[in-house]
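Asks: Just entry.pdb, nothing more (PDB, C-alpha atoms):
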```pdb
MODEL        1
ATOM      1  CA  MET I  44      10.708  35.200 -15.760
ATOM      2  CA  SER I  45       7.428  33.702 -14.555
ATOM      3  CA  THR I  46       7.226  30.416 -12.722
ATOM      4  CA  ALA I  47       5.140  28.906 -15.528
ATOM      5  CA  SER I  48       7.671  29.825 -18.212
ATOM      6  CA  SER I  49      10.523  28.559 -16.038
ATOM      7  CA  LEU I  50       8.805  25.213 -15.668
ATOM      8  CA  THR I  51       8.151  25.076 -19.401
ATOM      9  CA  GLN I  52      11.802  25.692 -20.180
ATOM     10  CA  SER I  53      12.910  23.132 -17.574
ATOM     11  CA  ARG I  54      10.677  20.532 -19.230
ATOM     12  CA  THR I  55      12.293  21.157 -22.620
ATOM     13  CA  ARG I  56      15.649  20.272 -21.111
ATOM     14  CA  ILE I  57      14.451  16.904 -19.803
ATOM     15  CA  SER I  58      16.026  14.010 -21.672
ATOM     16  CA  PRO I  59      13.977  11.011 -22.852
ATOM     17  CA  LYS I  60      15.617   8.912 -20.133
ATOM     18  CA  GLU I  61      14.627  11.424 -17.460
ATOM     19  CA  LYS I  62      11.093  11.621 -18.876
ATOM     20  CA  PHE I  63      10.812   7.847 -18.744
ATOM     21  CA  GLY I  64      12.069   7.869 -15.161
ATOM     22  CA  ALA I  65       9.454  10.490 -14.271
ATOM     23  CA  TYR I  66       6.666   8.310 -15.646
ATOM     24  CA  VAL I  67       7.982   5.336 -13.679
ATOM     25  CA  ALA I  68       8.122   7.467 -10.522
ATOM     26  CA  LEU I  69       4.503   8.467 -11.117
ATOM     27  CA  THR I  70       3.481   4.819 -10.585
ATOM     28  CA  LYS I  71       5.219   4.572  -7.154
ATOM     29  CA  PRO I  72       6.984   1.299  -8.079
ATOM     30  CA  ARG I  73       8.010   0.453  -4.507
ATOM     31  CA  VAL I  74       4.369   0.428  -3.465
ATOM     32  CA  ILE I  75       3.471  -1.754  -6.429
ATOM     33  CA  GLU I  76       6.139  -4.310  -5.486
ATOM     34  CA  LEU I  77       4.396  -4.892  -2.180
ATOM     35  CA  LEU I  78       1.016  -5.228  -3.871
ATOM     36  CA  LEU I  79       2.315  -7.904  -6.225
ATOM     37  CA  VAL I  80       3.900  -9.722  -3.273
ATOM     38  CA  THR I  81       0.380 -10.228  -1.933
ATOM     39  CA  ALA I  82      -1.280 -11.104  -5.253
ATOM     40  CA  LEU I  83       0.990 -13.820  -6.623
ATOM     41  CA  PRO I  84       1.143 -16.074  -3.517
ATOM     42  CA  THR I  85      -2.633 -15.758  -3.256
ATOM     43  CA  MET I  86      -2.874 -17.150  -6.781
ATOM     44  CA  VAL I  87      -0.831 -20.204  -5.770
ATOM     45  CA  LEU I  88      -3.151 -20.785  -2.816
ATOM     46  CA  ALA I  89      -6.211 -20.379  -5.040
ATOM     47  CA  ALA I  90      -4.847 -22.896  -7.539
ATOM     48  CA  GLY I  91      -3.653 -25.329  -4.871
ATOM     49  CA  GLY I  92      -0.351 -25.351  -6.764
ATOM     50  CA  LEU I  93       1.122 -23.453  -9.677
ATOM     51  CA  PRO I  94      -1.530 -21.193 -11.257
ATOM     52  CA  PRO I  95      -2.045 -20.926 -15.047
ATOM     53  CA  LEU I  96       0.718 -18.894 -16.683
ATOM     54  CA  SER I  97      -1.803 -16.715 -18.531
ATOM     55  CA  ALA I  98      -3.422 -15.718 -15.235
ATOM     56  CA  VAL I  99      -0.024 -14.915 -13.711
ATOM     57  CA  ILE I 100       0.994 -12.756 -16.673
ATOM     58  CA  ALA I 101      -2.361 -10.974 -16.663
ATOM     59  CA  THR I 102      -2.113 -10.265 -12.940
ATOM     60  CA  LEU I 103       1.489  -9.071 -13.154
ATOM     61  CA  ILE I 104       0.906  -6.751 -16.100
ATOM     62  CA  GLY I 105      -2.663  -5.727 -15.314
ATOM     63  CA  GLY I 106      -1.960  -5.372 -11.604
ATOM     64  CA  PHE I 107       1.087  -3.197 -12.223
ATOM     65  CA  MET I 108      -0.832  -0.917 -14.574
ATOM     66  CA  SER I 109      -3.859  -0.749 -12.272
ATOM     67  CA  ALA I 110      -1.818   0.209  -9.212
ATOM     68  CA  GLY I 111       0.309   2.555 -11.310
ATOM     69  CA  SER I 112      -2.814   4.292 -12.572
ATOM     70  CA  ALA I 113      -4.175   4.774  -9.050
ATOM     71  CA  ASN I 114      -0.825   6.111  -7.837
ATOM     72  CA  ALA I 115      -0.574   8.504 -10.775
ATOM     73  CA  PHE I 116      -4.056   9.896 -10.086
ATOM     74  CA  ASN I 117      -3.064  10.225  -6.428
ATOM     75  CA  MET I 118      -0.027  12.317  -7.346
ATOM     76  CA  ILE I 119      -2.195  14.562  -9.512
ATOM     77  CA  ILE I 120      -4.611  15.134  -6.627
ATOM     78  CA  ASP I 121      -1.885  15.541  -3.995
ATOM     79  CA  ARG I 122       0.523  17.735  -5.938
ATOM     80  CA  ASP I 123      -0.205  20.713  -3.676
ATOM     81  CA  ILE I 124       0.586  18.615  -0.605
ATOM     82  CA  ASP I 125       3.661  17.119  -2.239
ATOM     83  CA  ARG I 126       5.134  20.595  -2.744
ATOM     84  CA  VAL I 127       5.022  21.185   1.002
ATOM     85  CA  MET I 128       6.255  17.840   2.300
ATOM     86  CA  GLU I 129       9.979  17.163   2.415
ATOM     87  CA  ARG I 130       9.427  13.470   1.655
ATOM     88  CA  THR I 131       7.514  14.136  -1.564
ATOM     89  CA  LYS I 132       8.810  17.414  -2.970
ATOM     90  CA  ARG I 133      10.931  15.621  -5.594
ATOM     91  CA  ARG I 134       7.967  13.892  -7.221
ATOM     92  CA  PRO I 135       7.632  14.559 -10.982
ATOM     93  CA  LEU I 136       4.593  16.850 -10.819
ATOM     94  CA  VAL I 137       6.349  19.027  -8.256
ATOM     95  CA  THR I 138       9.670  19.268 -10.075
ATOM     96  CA  GLY I 139       8.014  19.902 -13.430
ATOM     97  CA  ALA I 140       9.419  16.741 -15.017
ATOM     98  CA  LEU I 141       5.836  15.992 -16.075
ATOM     99  CA  SER I 142       2.859  18.250 -16.646
ATOM    100  CA  VAL I 143      -0.548  17.588 -15.109
ATOM    101  CA  ALA I 144      -1.928  16.930 -18.597
ATOM    102  CA  GLU I 145       0.767  14.326 -19.254
ATOM    103  CA  ALA I 146       0.020  12.679 -15.936
ATOM    104  CA  HIS I 147      -3.714  12.565 -16.677
ATOM    105  CA  VAL I 148      -3.167  10.898 -20.050
ATOM    106  CA  PHE I 149      -0.783   8.411 -18.488
ATOM    107  CA  ALA I 150      -3.108   7.589 -15.575
ATOM    108  CA  TRP I 151      -6.192   7.114 -17.755
ATOM    109  CA  THR I 152      -4.265   5.028 -20.276
ATOM    110  CA  LEU I 153      -3.027   2.697 -17.556
ATOM    111  CA  ALA I 154      -6.512   2.439 -16.058
ATOM    112  CA  VAL I 155      -8.100   1.419 -19.353
ATOM    113  CA  ALA I 156      -5.239  -0.866 -20.359
ATOM    114  CA  SER I 157      -5.191  -2.671 -16.998
ATOM    115  CA  THR I 158      -8.915  -3.349 -17.217
ATOM    116  CA  LEU I 159      -8.618  -4.761 -20.728
ATOM    117  CA  VAL I 160      -5.588  -6.895 -19.896
ATOM    118  CA  LEU I 161      -7.235  -8.436 -16.840
ATOM    119  CA  GLY I 162     -10.582  -8.798 -18.574
ATOM    120  CA  PHE I 163      -9.337 -10.518 -21.733
ATOM    121  CA  MET I 164      -6.335 -12.400 -20.350
ATOM    122  CA  ALA I 165      -7.876 -13.470 -17.021
ATOM    123  CA  ASN I 166     -11.575 -12.711 -16.515
ATOM    124  CA  TRP I 167     -13.915  -9.779 -15.980
ATOM    125  CA  VAL I 168     -14.323 -10.468 -12.268
ATOM    126  CA  ALA I 169     -10.626  -9.720 -11.757
ATOM    127  CA  ALA I 170     -10.965  -6.690 -14.044
ATOM    128  CA  GLY I 171     -13.916  -5.450 -11.995
ATOM    129  CA  PHE I 172     -11.933  -5.701  -8.771
ATOM    130  CA  SER I 173      -9.129  -3.756 -10.465
ATOM    131  CA  VAL I 174     -11.512  -0.928 -11.365
ATOM    132  CA  ALA I 175     -12.863  -0.955  -7.791
ATOM    133  CA  ALA I 176      -9.326  -0.677  -6.414
ATOM    134  CA  ILE I 177      -8.555   2.353  -8.573
ATOM    135  CA  PHE I 178     -11.868   3.992  -7.636
ATOM    136  CA  PHE I 179     -11.355   3.347  -3.932
ATOM    137  CA  TYR I 180      -7.824   4.739  -3.852
ATOM    138  CA  VAL I 181      -8.496   7.761  -6.031
ATOM    139  CA  VAL I 182     -11.996   8.797  -4.966
ATOM    140  CA  ILE I 183     -12.598   7.378  -1.493
ATOM    141  CA  TYR I 184      -9.087   7.812  -0.102
ATOM    142  CA  SER I 185      -7.405  10.611  -2.068
ATOM    143  CA  LEU I 186     -10.418  12.870  -2.673
ATOM    144  CA  VAL I 187     -12.707  12.153   0.287
ATOM    145  CA  LEU I 188     -10.843  10.786   3.301
ATOM    146  CA  LYS I 189      -7.199  11.852   3.269
ATOM    147  CA  ARG I 190      -7.688  15.523   4.109
ATOM    148  CA  ARG I 191     -10.765  15.114   6.304
ATOM    149  CA  THR I 192     -10.244  12.420   8.947
ATOM    150  CA  GLU I 193      -7.566  10.830  11.073
ATOM    151  CA  GLN I 194      -9.021   7.460  10.061
ATOM    152  CA  ASN I 195      -8.055   8.121   6.440
ATOM    153  CA  ILE I 196      -5.489   5.343   6.195
ATOM    154  CA  VAL I 197      -7.780   2.794   7.886
ATOM    155  CA  TRP I 198     -10.614   2.965   5.370
ATOM    156  CA  GLY I 199      -8.550   4.271   2.479
ATOM    157  CA  GLY I 200      -6.205   1.339   3.001
ATOM    158  CA  ILE I 201      -8.916  -0.960   1.637
ATOM    159  CA  ALA I 202      -7.594  -0.095  -1.814
ATOM    160  CA  GLY I 203      -4.396  -1.961  -0.985
ATOM    161  CA  CYS I 204      -6.384  -5.088  -0.112
ATOM    162  CA  PHE I 205      -7.731  -5.611  -3.619
ATOM    163  CA  PRO I 206      -4.671  -7.367  -5.115
ATOM    164  CA  VAL I 207      -5.478 -10.530  -3.162
ATOM    165  CA  VAL I 208      -9.010 -10.769  -4.546
ATOM    166  CA  ILE I 209      -7.770  -9.799  -8.008
ATOM    167  CA  GLY I 210      -5.234 -12.614  -7.865
ATOM    168  CA  TRP I 211      -7.693 -15.142  -6.462
ATOM    169  CA  SER I 212     -10.417 -14.316  -8.977
ATOM    170  CA  ALA I 213      -7.918 -14.347 -11.852
ATOM    171  CA  VAL I 214      -7.406 -18.051 -11.067
ATOM    172  CA  THR I 215     -10.877 -19.163  -9.982
ATOM    173  CA  GLY I 216     -13.270 -16.650 -11.517
ATOM    174  CA  GLY I 217     -14.693 -15.857  -8.079
ATOM    175  CA  VAL I 218     -13.670 -15.186  -4.482
ATOM    176  CA  ASP I 219     -13.698 -17.696  -1.612
ATOM    177  CA  TRP I 220     -13.235 -17.339   2.133
ATOM    178  CA  PRO I 221      -9.416 -17.699   2.179
ATOM    179  CA  ALA I 222      -9.159 -14.692  -0.145
ATOM    180  CA  TRP I 223     -11.391 -12.608   2.112
ATOM    181  CA  ILE I 224      -9.260 -13.557   5.122
ATOM    182  CA  LEU I 225      -6.149 -12.375   3.292
ATOM    183  CA  PHE I 226      -8.079  -9.232   2.333
ATOM    184  CA  LEU I 227      -8.807  -8.738   6.035
ATOM    185  CA  LEU I 228      -5.146  -9.309   6.916
ATOM    186  CA  VAL I 229      -3.960  -6.548   4.588
ATOM    187  CA  PHE I 230      -6.724  -4.249   5.856
ATOM    188  CA  LEU I 231      -5.673  -4.742   9.488
ATOM    189  CA  TRP I 232      -1.960  -4.610   8.692
ATOM    190  CA  THR I 233      -2.127  -1.280   6.826
ATOM    191  CA  PRO I 234      -2.592   1.064   9.838
ATOM    192  CA  ALA I 235       0.108  -0.772  11.796
ATOM    193  CA  HIS I 236       2.363  -0.342   8.767
ATOM    194  CA  TYR I 237       1.585   3.247   7.814
ATOM    195  CA  TRP I 238       1.082   5.007  11.136
ATOM    196  CA  PRO I 239       4.716   4.557  12.223
ATOM    197  CA  LEU I 240       5.700   6.238   8.940
ATOM    198  CA  SER I 241       3.362   9.102   9.779
ATOM    199  CA  MET I 242       5.136   9.428  13.150
ATOM    200  CA  LYS I 243       8.456   9.825  11.350
ATOM    201  CA  TYR I 244       7.021  12.491   9.023
ATOM    202  CA  ARG I 245       4.632  14.097  11.489
ATOM    203  CA  ALA I 246       5.991  17.605  10.807
ATOM    204  CA  ASP I 247       5.486  17.091   7.068
ATOM    205  CA  TYR I 248       1.858  16.067   7.458
ATOM    206  CA  SER I 249       1.230  18.871   9.914
ATOM    207  CA  ALA I 250       2.668  21.450   7.492
ATOM    208  CA  ALA I 251       0.466  20.070   4.732
ATOM    209  CA  ASN I 252      -2.645  20.070   6.970
ATOM    210  CA  VAL I 253      -3.181  16.345   6.499
ATOM    211  CA  PRO I 254      -4.862  14.960   9.664
ATOM    212  CA  MET I 255      -2.811  11.798  10.088
ATOM    213  CA  LEU I 256      -3.272  10.167  13.476
ATOM    214  CA  ALA I 257       0.239  11.173  14.580
ATOM    215  CA  VAL I 258      -0.639  14.824  13.935
ATOM    216  CA  VAL I 259      -4.076  14.781  15.553
ATOM    217  CA  ARG I 260      -3.550  12.431  18.513
ATOM    218  CA  GLY I 261       0.171  12.237  19.209
ATOM    219  CA  LYS I 262       2.726   9.476  19.543
ATOM    220  CA  ARG I 263       1.210   7.627  22.523
ATOM    221  CA  ILE I 264      -2.165   7.109  20.873
ATOM    222  CA  VAL I 265      -0.437   6.082  17.647
ATOM    223  CA  GLY I 266       1.698   3.577  19.540
ATOM    224  CA  LEU I 267      -1.346   2.052  21.207
ATOM    225  CA  GLN I 268      -3.254   1.838  17.928
ATOM    226  CA  VAL I 269      -0.289   0.140  16.245
ATOM    227  CA  ILE I 270      -0.349  -2.518  18.972
ATOM    228  CA  LEU I 271      -4.064  -3.152  18.495
ATOM    229  CA  TYR I 272      -3.769  -3.489  14.731
ATOM    230  CA  ALA I 273      -0.665  -5.660  14.993
ATOM    231  CA  TRP I 274      -2.534  -8.070  17.280
ATOM    232  CA  ALA I 275      -5.531  -8.024  14.958
ATOM    233  CA  SER I 276      -3.264  -8.797  11.985
ATOM    234  CA  PHE I 277      -1.778 -11.720  13.882
ATOM    235  CA  ALA I 278      -5.249 -13.055  14.714
ATOM    236  CA  SER I 279      -6.311 -12.863  11.074
ATOM    237  CA  THR I 280      -3.324 -14.972  10.000
ATOM    238  CA  MET I 281      -4.450 -17.648  12.459
ATOM    239  CA  LEU I 282      -7.897 -17.734  10.829
ATOM    240  CA  LEU I 283      -6.375 -18.837   7.550
ATOM    241  CA  ILE I 284      -4.999 -22.071   9.033
ATOM    242  CA  PRO I 285      -8.343 -23.877   9.519
ATOM    243  CA  VAL I 286     -10.199 -22.144   6.699
ATOM    244  CA  ALA I 287      -7.608 -22.828   3.974
ATOM    245  CA  GLY I 288      -6.111 -25.961   5.499
ATOM    246  CA  MET I 289      -2.646 -24.415   5.748
ATOM    247  CA  GLY I 290       0.283 -26.662   6.565
ATOM    248  CA  LEU I 291       3.248 -26.582   8.905
ATOM    249  CA  LEU I 292       5.301 -24.016   7.009
ATOM    250  CA  TYR I 293       2.632 -21.327   6.931
ATOM    251  CA  SER I 294       1.517 -22.075  10.492
ATOM    252  CA  GLY I 295       5.056 -21.798  11.832
ATOM    253  CA  VAL I 296       5.831 -18.595   9.945
ATOM    254  CA  ALA I 297       2.527 -17.018  10.962
ATOM    255  CA  VAL I 298       3.162 -17.726  14.648
ATOM    256  CA  VAL I 299       6.845 -16.726  14.764
ATOM    257  CA  ALA I 300       6.609 -13.701  12.450
ATOM    258  CA  GLY I 301       3.395 -12.580  14.102
ATOM    259  CA  ALA I 302       4.918 -12.761  17.584
ATOM    260  CA  TRP I 303       7.904 -10.741  16.379
ATOM    261  CA  PHE I 304       5.727  -8.075  14.732
ATOM    262  CA  VAL I 305       3.558  -7.753  17.841
ATOM    263  CA  ALA I 306       6.690  -7.468  20.006
ATOM    264  CA  GLU I 307       8.027  -4.684  17.781
ATOM    265  CA  SER I 308       4.731  -2.809  18.117
ATOM    266  CA  HIS I 309       4.874  -3.104  21.909
ATOM    267  CA  MET I 310       8.428  -1.745  21.921
ATOM    268  CA  LEU I 311       7.280   1.207  19.828
ATOM    269  CA  TYR I 312       4.560   2.001  22.353
ATOM    270  CA  SER I 313       6.990   1.609  25.243
ATOM    271  CA  ARG I 314       9.351   4.134  23.675
ATOM    272  CA  ALA I 315       6.442   6.480  22.912
ATOM    273  CA  LEU I 316       5.530   6.538  26.610
ATOM    274  CA  ARG I 317       8.963   7.732  27.650
ATOM    275  CA  GLU I 318      10.121  11.291  27.193
ATOM    276  CA  ARG I 319      13.522  11.988  25.638
ATOM    277  CA  VAL I 320      13.676   8.509  24.134
ATOM    278  CA  GLU I 321      14.001   8.058  20.386
ATOM    279  CA  ILE I 322      10.799   6.466  19.092
ATOM    280  CA  LYS I 323      12.441   4.600  16.167
ATOM    281  CA  ALA I 324       9.146   4.509  14.300
ATOM    282  CA  MET I 325      10.766   3.447  11.037
ATOM    283  CA  ARG I 326      11.938   0.258  12.699
ATOM    284  CA  VAL I 327       8.310  -0.842  12.972
ATOM    285  CA  PHE I 328       7.577   0.412   9.452
ATOM    286  CA  HIS I 329      10.331  -1.742   7.967
ATOM    287  CA  ALA I 330       9.409  -4.653  10.237
ATOM    288  CA  SER I 331       5.834  -4.497   8.972
ATOM    289  CA  ASN I 332       7.046  -4.796   5.373
ATOM    290  CA  LEU I 333       9.121  -7.847   6.197
ATOM    291  CA  TYR I 334       6.293  -9.349   8.234
ATOM    292  CA  LEU I 335       3.754  -9.134   5.421
ATOM    293  CA  THR I 336       6.293 -10.443   2.930
ATOM    294  CA  LEU I 337       7.060 -13.466   5.113
ATOM    295  CA  ILE I 338       3.380 -14.233   5.576
ATOM    296  CA  PHE I 339       2.582 -14.113   1.866
ATOM    297  CA  VAL I 340       5.717 -15.959   0.779
ATOM    298  CA  SER I 341       4.673 -18.761   3.114
ATOM    299  CA  VAL I 342       1.146 -18.585   1.666
ATOM    300  CA  GLY I 343       2.656 -19.165  -1.770
ATOM    301  CA  ILE I 344       5.062 -21.947  -0.784
ATOM    302  CA  ASP I 345       2.837 -23.911   1.619
ATOM    303  CA  PRO I 346       0.471 -25.365  -1.028
ATOM    304  CA  LEU I 347       3.474 -26.686  -2.974
ATOM    305  CA  LEU I 348       4.776 -28.775  -0.068
ATOM    306  CA  PRO I 349       3.735 -32.376   0.620
ATOM    307  CA  PHE I 350       3.112 -31.696   4.322
TER     308      PHE I 350
ENDMDL
END
```
Represent the structure of the file as structure tokens.
Replies:
Amino acid sequence: MSTASSLTQSRTRISPKEKFGAYVALTKPRVIELLLVTALPTMVLAAGGLPPLSAVIATLIGGFMSAGSANAFNMIIDRDIDRVMERTKRRPLVTGALSVAEAHVFAWTLAVASTLVLGFMANWVAAGFSVAAIFFYVVIYSLVLKRRTEQNIVWGGIAGCFPVVIGWSAVTGGVDWPAWILFLLVFLWTPAHYWPLSMKYRADYSAANVPMLAVVRGKRIVGLQVILYAWASFASTMLLIPVAGMGLLYSGVAVVAGAWFVAESHMLYSRALRERVEIKAMRVFHASNLYLTLIFVSVGIDPLLPF
């Protein structure tokens, strides 16, 4: 029996629940959670308090569909890589839970729907940023950069910065300096967040011929670069204090959480310098998630406080 016919038969045995789960997996929901964590607090800062409910609903629904569309297109493009990598070989286009045609329809539907939701429920500036985010992730990162340069995640990571300007513009109809500083924060944070993950899965990326920094340069260079980007992320959080008039809560969290994140990056580099010492790269990966969450939660709470 041919591989194609085997896949066809396996698809006929997929239950509606499993099919639904495959579509959800196509959106990479864990990634989307982090994107929404950055968008919603930014909206509170933009409004100087609680933002309009319509803008929040538009950003939640439109933002989810926009990011889900980009992630679905990414899985279509990367399905050959996903078959090779241990971390991704259970994705729906590899297992046959979904066909490429089904994924295309799903991705395009989400892209169009997200644009309309943001455009009609918020404004067309936010919708335009949503389209730019999809384009950047799908074309610039997935098609152009990912397989060609070790700096792929640096410039491709710009796609993950768009939720803050989508959220800000959904409230104000434009973008001001605080939003661009938060955009810069996410841009600088992304390499420090993702490169430790690439250290953990270095063999996977090497087998798939994806030139992640850990594959091309090795653990010591990665460790040093993580330090530099962690420090740069910390510096960008300090910029927000005078520009946005942030209060004591944000300022305290930015200093303490930033110092902790920088310390974790230094420990990663220290371990990378020593032979026969476990690098514990995922410790920095998870720390980076918590760090960004703490920063943006404080961004969202600070404007609601009287001090």
Asks: In Å, rounded to a single decimal, give me how far atom CA of Leu228 of chain I is from atom CA of Ser279 of chain I.
Replies: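 One can read the atom CA of Ser279 of chain I to atom CA of Leu228 of chain I distance as 5.6 Å.
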Asks: Go through the shown structure with the PyMOL selection byres ((chain I and resi 309) around 12) and write out the matching residues as a CSV table (one decimal) with C-alpha atoms, in the coordinates of the input.
Replies:
```csv
chain,number,residue,atom,x,y,z
I,235,ALA,CA,0.1,-0.8,11.8
I,263,ARG,CA,1.2,7.6,22.5
I,265,VAL,CA,-0.4,6.1,17.6
I,266,GLY,CA,1.7,3.6,19.5
I,267,LEU,CA,-1.3,2.1,21.2
I,268,GLN,CA,-3.3,1.8,17.9
I,269,VAL,CA,-0.3,0.1,16.2
I,270,ILE,CA,-0.3,-2.5,19.0
I,271,LEU,CA,-4.1,-3.2,18.5
I,272,TYR,CA,-3.8,-3.5,14.7
I,273,ALA,CA,-0.7,-5.7,15.0
I,274,TRP,CA,-2.5,-8.1,17.3
I,302,ALA,CA,4.9,-12.8,17.6
I,303,TRP,CA,7.9,-10.7,16.4
I,304,PHE,CA,5.7,-8.1,14.7
I,305,VAL,CA,3.6,-7.8,17.8
I,306,ALA,CA,6.7,-7.5,20.0
I,307,GLU,CA,8.0,-4.7,17.8
I,308,SER,CA,4.7,-2.8,18.1
I,310,MET,CA,8.4,-1.7,21.9
I,311,LEU,CA,7.3,1.2,19.8
I,312,TYR,CA,4.6,2.0,22.4
I,313,SER,CA,7.0,1.6,25.2
I,314,ARG,CA,9.4,4.1,23.7
I,315,ALA,CA,6.4,6.5,22.9
I,316,LEU,CA,5.5,6.5,26.6
I,322,ILE,CA,10.8,6.5,19.1
I,324,ALA,CA,9.1,4.5,14.3
I,327,VAL,CA,8.3,-0.8,13.0
```
Asks: Could you check which residues have any atom within 12 Å of (-3.4, 19.8, -7.7), counting all atoms listed in the file with coordinates taken straight from the file, and then list them as a PyMOL selection string?
Replies: chain I and resi 116-126+136-137+142-144+146-147+185-186
Asks: What does the structure give for the distance between atom CA of Gly210 of chain I and atom CA of Ser241 of chain I, in Å to one decimal?
Replies: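 Taking atom CA of Gly210 of chain I as the start and atom CA of Ser241 of chain I as the end point, the length is 29.3 Å.
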Asks: To verify the selection step, state as a list in words which residues the PyMOL selection byres ((chain I and resi 65) around 8) yields on this input.
Replies: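 What the PyMOL selection byres ((chain I and resi 65) around 8) grabs from the file is Glu61, Lys62, Phe63, Gly64, Tyr66, Val67, Ala68, Leu69, Arg134, Pro135, Ala140 and Leu141 of chain I.
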Asks: Given the file above and the PyMOL selection byres ((chain I and resi 211) around 10), which residues are selected, and can you give them as a PDB file with C-alpha atoms, in the coordinates of the input?
Replies:
```
ATOM      1  CA  ALA I  82      -1.280 -11.104  -5.253  1.00  0.00           C
ATOM      2  CA  LEU I  83       0.990 -13.820  -6.623  1.00  0.00           C
ATOM      3  CA  PRO I  84       1.143 -16.074  -3.517  1.00  0.00           C
ATOM      4  CA  THR I  85      -2.633 -15.758  -3.256  1.00  0.00           C
ATOM      5  CA  MET I  86      -2.874 -17.150  -6.781  1.00  0.00           C
ATOM      6  CA  VAL I  87      -0.831 -20.204  -5.770  1.00  0.00           C
ATOM      7  CA  LEU I  88      -3.151 -20.785  -2.816  1.00  0.00           C
ATOM      8  CA  ALA I  89      -6.211 -20.379  -5.040  1.00  0.00           C
ATOM      9  CA  ALA I  90      -4.847 -22.896  -7.539  1.00  0.00           C
ATOM     10  CA  PRO I  94      -1.530 -21.193 -11.257  1.00  0.00           C
ATOM     11  CA  ALA I  98      -3.422 -15.718 -15.235  1.00  0.00           C
ATOM     12  CA  THR I 102      -2.113 -10.265 -12.940  1.00  0.00           C
ATOM     13  CA  VAL I 168     -14.323 -10.468 -12.268  1.00  0.00           C
ATOM     14  CA  ALA I 169     -10.626  -9.720 -11.757  1.00  0.00           C
ATOM     15  CA  PHE I 205      -7.731  -5.611  -3.619  1.00  0.00           C
ATOM     16  CA  PRO I 206      -4.671  -7.367  -5.115  1.00  0.00           C
ATOM     17  CA  VAL I 207      -5.478 -10.530  -3.162  1.00  0.00           C
ATOM     18  CA  VAL I 208      -9.010 -10.769  -4.546  1.00  0.00           C
ATOM     19  CA  ILE I 209      -7.770  -9.799  -8.008  1.00  0.00           C
ATOM     20  CA  GLY I 210      -5.234 -12.614  -7.865  1.00  0.00           C
ATOM     21  CA  SER I 212     -10.417 -14.316  -8.977  1.00  0.00           C
ATOM     22  CA  ALA I 213      -7.918 -14.347 -11.852  1.00  0.00           C
ATOM     23  CA  VAL I 214      -7.406 -18.051 -11.067  1.00  0.00           C
ATOM     24  CA  THR I 215     -10.877 -19.163  -9.982  1.00  0.00           C
ATOM     25  CA  GLY I 216     -13.270 -16.650 -11.517  1.00  0.00           C
ATOM     26  CA  GLY I 217     -14.693 -15.857  -8.079  1.00  0.00           C
ATOM     27  CA  VAL I 218     -13.670 -15.186  -4.482  1.00  0.00           C
ATOM     28  CA  ASP I 219     -13.698 -17.696  -1.612  1.00  0.00           C
ATOM     29  CA  PRO I 221      -9.416 -17.699   2.179  1.00  0.00           C
ATOM     30  CA  ALA I 222      -9.159 -14.692  -0.145  1.00  0.00           C
ATOM     31  CA  TRP I 223     -11.391 -12.608   2.112  1.00  0.00           C
TER      32      TRP I 223
END
```
Asks: Let me make sure I understand: among I:Gly199, I:Gly111, I:Gly106, I:Pro239, which one has the smallest atom-to-atom distance to Leu159 of chain I if we use only C-alpha atoms?
Replies: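 Checking each of I:Gly199, I:Gly111, I:Gly106, I:Pro239 against Leu159 of chain I, counting only C-alpha atoms, the winner is I:Gly106.
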Asks: So the first atom is atom CA of Gly343 of chain I and the second is atom CA of Ile75 of chain I; what is the distance between them in Å, to one decimal place?
Replies: 18.0 Å
Asks: Quick one: residues within 7 Å of Val160 of chain I, only C-alpha atoms, excluding same-chain residues fewer than 4 positions away - as a list in words?
Replies: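 Non-adjacent residues within range: Ala101, Gly105, Ala156 and Met164 of chain I.
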Asks: Would you mind telling me which residue in I:Val80, I:Leu347, I:Ala165, I:Ala115 lies nearest to Ser97 of chain I when using only C-alpha atoms?
Replies: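 Looking at the shortest contact to Ser97 of chain I, the residue is I:Ala165.
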Asks: Which of these, I:Ala250, I:Ala113, I:Trp232, I:Leu240, has the shortest distance to Ile183 of chain I once you count all atoms listed in the file?
Replies: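 Counting all atoms listed in the file, the residue closest to Ile183 of chain I is I:Ala113.
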Asks: Closest to Met108 of chain I among I:Val286, I:Val155, I:Leu337, I:Val197, using only C-alpha atoms?
Replies: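 Of all the options, I:Val155 lies closest to Met108 of chain I.
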Asks: Kindly output segment 190-194 of chain I as a PDB file, in the frame of the given file, after building N, CA, C and O atoms.
Replies:
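Wrote it out as part-v3.pdb, contents follow:
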```
ATOM      1  N   ARG I 190      -7.815  14.180   3.535  1.00  0.00           N
ATOM      2  CA  ARG I 190      -7.688  15.523   4.109  1.00  0.00           C
ATOM      3  C   ARG I 190      -8.771  15.835   5.142  1.00  0.00           C
ATOM      4  O   ARG I 190      -8.835  16.962   5.629  1.00  0.00           O
ATOM      5  N   ARG I 191      -9.614  14.832   5.450  1.00  0.00           N
ATOM      6  CA  ARG I 191     -10.765  15.114   6.304  1.00  0.00           C
ATOM      7  C   ARG I 191     -10.775  14.365   7.632  1.00  0.00           C
ATOM      8  O   ARG I 191     -11.433  14.800   8.576  1.00  0.00           O
ATOM      9  N   THR I 192     -10.102  13.220   7.730  1.00  0.00           N
ATOM     10  CA  THR I 192     -10.244  12.420   8.947  1.00  0.00           C
ATOM     11  C   THR I 192      -8.952  11.710   9.311  1.00  0.00           C
ATOM     12  O   THR I 192      -8.180  11.303   8.430  1.00  0.00           O
ATOM     13  N   GLU I 193      -8.742  11.553  10.591  1.00  0.00           N
ATOM     14  CA  GLU I 193      -7.566  10.830  11.073  1.00  0.00           C
ATOM     15  C   GLU I 193      -7.646   9.336  10.775  1.00  0.00           C
ATOM     16  O   GLU I 193      -6.641   8.623  10.842  1.00  0.00           O
ATOM     17  N   GLN I 194      -8.846   8.871  10.415  1.00  0.00           N
ATOM     18  CA  GLN I 194      -9.021   7.460  10.061  1.00  0.00           C
ATOM     19  C   GLN I 194      -8.823   7.231   8.561  1.00  0.00           C
ATOM     20  O   GLN I 194      -9.183   6.179   8.037  1.00  0.00           O
TER      21      GLN I 194
END
```
